[in-house]
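J.: This is the structure I want to talk about, given as structure tokens.
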Amino acid sequence: MKKKWLLVGLVLLLSLVIHVAYAASELTILIHGKKVTSDIPAKIENGTILVPLRVIAENLNQKVQWDPKTNTVTIEEKMQQSEIKRMVVQRDKDIFIAGSLGGSDNHSAANQALIYNLYTLYNEVYRGFLSTDLGTDMKLKTESDLPFIKNSEATKEGAAKESYTFIRMVRSPYITQPGQNAPSSKDLVFYLDPKNQNDLYIAVQNPEQVKEWTTYTVKGYGLWLQKEIDIYLRGSRGL
């Protein structure tokens, strides 16, 4: 009987020692000063610090995808999106308003497809993927430099006096947080210069100085924008 209790006591003691040793070796993960918790704890193994990839990536505003067919892990930055209140689209002299961006009808499906394509392009541009020299292609402008701005503030559909090609995403302000690789912004305008329709321009509104816009030049993408508008109007309005 004594041997039995001695064996039980030894097992309990070993369990206690292992738990304490494990607790003592647990690592705390801090990202920008904030403690990150995970079901899979970080640990040191053979002198190497091992941390859970998905938890770290997602807390750094990255998206993690796993492809079992190719055994590939892909990490991409999540799109930074603020709430879109409405979209204003002008083709030639016709102005169209997309005021309801939810739902599941054809109109909403066309809205969501257009929003996705615009955000994808915007993310690639501000990270420099589509600009050979971002310092040259990025300029600070005021509303007086953008003659179509008044048209883009429309809240009702109708005909404009002057012909322009643009899409304005009217959004709530987005302020960059620590660890997020995206510029602060409010509205986004994708437009063509009537004198140079070969290139696409993206104007990003300053959320703190709303009359200031940072513009990016996307060379050779003028036709892309025209096609996106045509596809959108065909899908949402049958035009």
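Chain labels follow the order of the structure tokens: the first chain is A, the next B, and so on; residue numbering restarts at 1 in every chain, and ligands are counted from 1 in their shown order.
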Mind the document's chain letters and residue numbers, and return as JSON, numbers by chain the residues of segment 24-229 of chain A that DSSP labels helix (DSSP H, G or I).

T.: {"A": [24, 25, 53, 54, 55, 56, 57, 58, 59, 106, 107, 108, 109, 110, 111, 112, 113, 114, 115, 116, 117, 118, 119, 120, 121, 122, 123, 124, 125, 126, 134, 135, 136, 137, 143, 144, 145, 149, 150, 151, 152, 222, 223, 224, 225, 226, 227, 228, 229]}

J.: Would you mind exporting C-alpha atoms of the selected residues as a PDB file, in the first residue's frame?

T.:
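Listed below is the output, again-v8.pdb:
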ATOM      1  CA  ALA A  24       7.978  29.178 -16.640  1.00  0.00           C
ATOM      2  CA  SER A  25       8.994  28.701 -20.297  1.00  0.00           C
ATOM      3  CA  LEU A  53       1.962  32.187 -38.031  1.00  0.00           C
ATOM      4  CA  ARG A  54      -1.755  32.880 -38.504  1.00  0.00           C
ATOM      5  CA  VAL A  55      -2.172  34.686 -35.183  1.00  0.00           C
ATOM      6  CA  ILE A  56       0.880  36.874 -35.793  1.00  0.00           C
ATOM      7  CA  ALA A  57      -0.077  37.661 -39.390  1.00  0.00           C
ATOM      8  CA  GLU A  58      -3.714  38.484 -38.626  1.00  0.00           C
ATOM      9  CA  ASN A  59      -2.690  40.785 -35.778  1.00  0.00           C
ATOM     10  CA  ASN A 106     -28.041  42.241 -59.664  1.00  0.00           C
ATOM     11  CA  HIS A 107     -27.584  45.921 -58.870  1.00  0.00           C
ATOM     12  CA  SER A 108     -25.804  45.136 -55.596  1.00  0.00           C
ATOM     13  CA  ALA A 109     -23.745  42.374 -57.205  1.00  0.00           C
ATOM     14  CA  ALA A 110     -22.496  44.859 -59.800  1.00  0.00           C
ATOM     15  CA  ASN A 111     -21.715  47.353 -57.022  1.00  0.00           C
ATOM     16  CA  GLN A 112     -19.692  44.823 -55.050  1.00  0.00           C
ATOM     17  CA  ALA A 113     -17.774  43.642 -58.117  1.00  0.00           C
ATOM     18  CA  LEU A 114     -16.821  47.207 -59.005  1.00  0.00           C
ATOM     19  CA  ILE A 115     -15.827  48.035 -55.420  1.00  0.00           C
ATOM     20  CA  TYR A 116     -13.628  44.942 -55.239  1.00  0.00           C
ATOM     21  CA  ASN A 117     -11.830  45.781 -58.493  1.00  0.00           C
ATOM     22  CA  LEU A 118     -11.283  49.407 -57.478  1.00  0.00           C
ATOM     23  CA  TYR A 119      -9.940  48.501 -54.041  1.00  0.00           C
ATOM     24  CA  THR A 120      -7.641  45.865 -55.525  1.00  0.00           C
ATOM     25  CA  LEU A 121      -6.142  48.418 -57.900  1.00  0.00           C
ATOM     26  CA  TYR A 122      -5.861  51.061 -55.178  1.00  0.00           C
ATOM     27  CA  ASN A 123      -4.009  48.676 -52.851  1.00  0.00           C
ATOM     28  CA  GLU A 124      -1.533  47.783 -55.593  1.00  0.00           C
ATOM     29  CA  VAL A 125      -0.964  51.430 -56.492  1.00  0.00           C
ATOM     30  CA  TYR A 126      -0.277  52.892 -53.053  1.00  0.00           C
ATOM     31  CA  LEU A 134       5.977  56.690 -56.898  1.00  0.00           C
ATOM     32  CA  GLY A 135       7.731  59.932 -55.993  1.00  0.00           C
ATOM     33  CA  THR A 136       7.098  61.247 -59.509  1.00  0.00           C
ATOM     34  CA  ASP A 137       3.626  59.809 -59.981  1.00  0.00           C
ATOM     35  CA  GLU A 143     -10.056  70.751 -55.285  1.00  0.00           C
ATOM     36  CA  SER A 144      -9.377  73.619 -57.698  1.00  0.00           C
ATOM     37  CA  ASP A 145      -7.015  71.258 -59.559  1.00  0.00           C
ATOM     38  CA  ILE A 149     -15.125  67.463 -58.083  1.00  0.00           C
ATOM     39  CA  LYS A 150     -18.417  69.365 -58.001  1.00  0.00           C
ATOM     40  CA  ASN A 151     -20.016  66.751 -60.278  1.00  0.00           C
ATOM     41  CA  SER A 152     -18.693  63.977 -58.054  1.00  0.00           C
ATOM     42  CA  GLY A 222      -7.378  54.662 -68.829  1.00  0.00           C
ATOM     43  CA  LEU A 223      -9.094  52.034 -70.974  1.00  0.00           C
ATOM     44  CA  TRP A 224      -9.356  49.766 -67.913  1.00  0.00           C
ATOM     45  CA  LEU A 225     -11.462  52.365 -66.084  1.00  0.00           C
ATOM     46  CA  GLN A 226     -13.706  52.932 -69.093  1.00  0.00           C
ATOM     47  CA  LYS A 227     -14.337  49.194 -69.383  1.00  0.00           C
ATOM     48  CA  GLU A 228     -15.048  48.884 -65.643  1.00  0.00           C
ATOM     49  CA  ILE A 229     -17.664  51.641 -65.901  1.00  0.00           C
TER      50      ILE A 229
END

J.: Would you pick out the contacts of segment 190-207 of chain A at 10 Å or less, using only C-alpha atoms, so that residues sharing its chain but fewer than 5 positions from it are not included, and give the list as a count of residues only?

T.: 48

J.: Separation of atom CA of Thr176 of chain A and atom CA of Lys34 of chain A, in Å?

T.: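 Taking atom CA of Thr176 of chain A and atom CA of Lys34 of chain A, their separation equals 16.8 Å.
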
J.: Go through A:Thr74, A:Gln65, A:Asp187, A:Ala160 and flag the residue nearest Arg91 of chain A, using only C-alpha atoms for the distances.

T.: A:Ala160
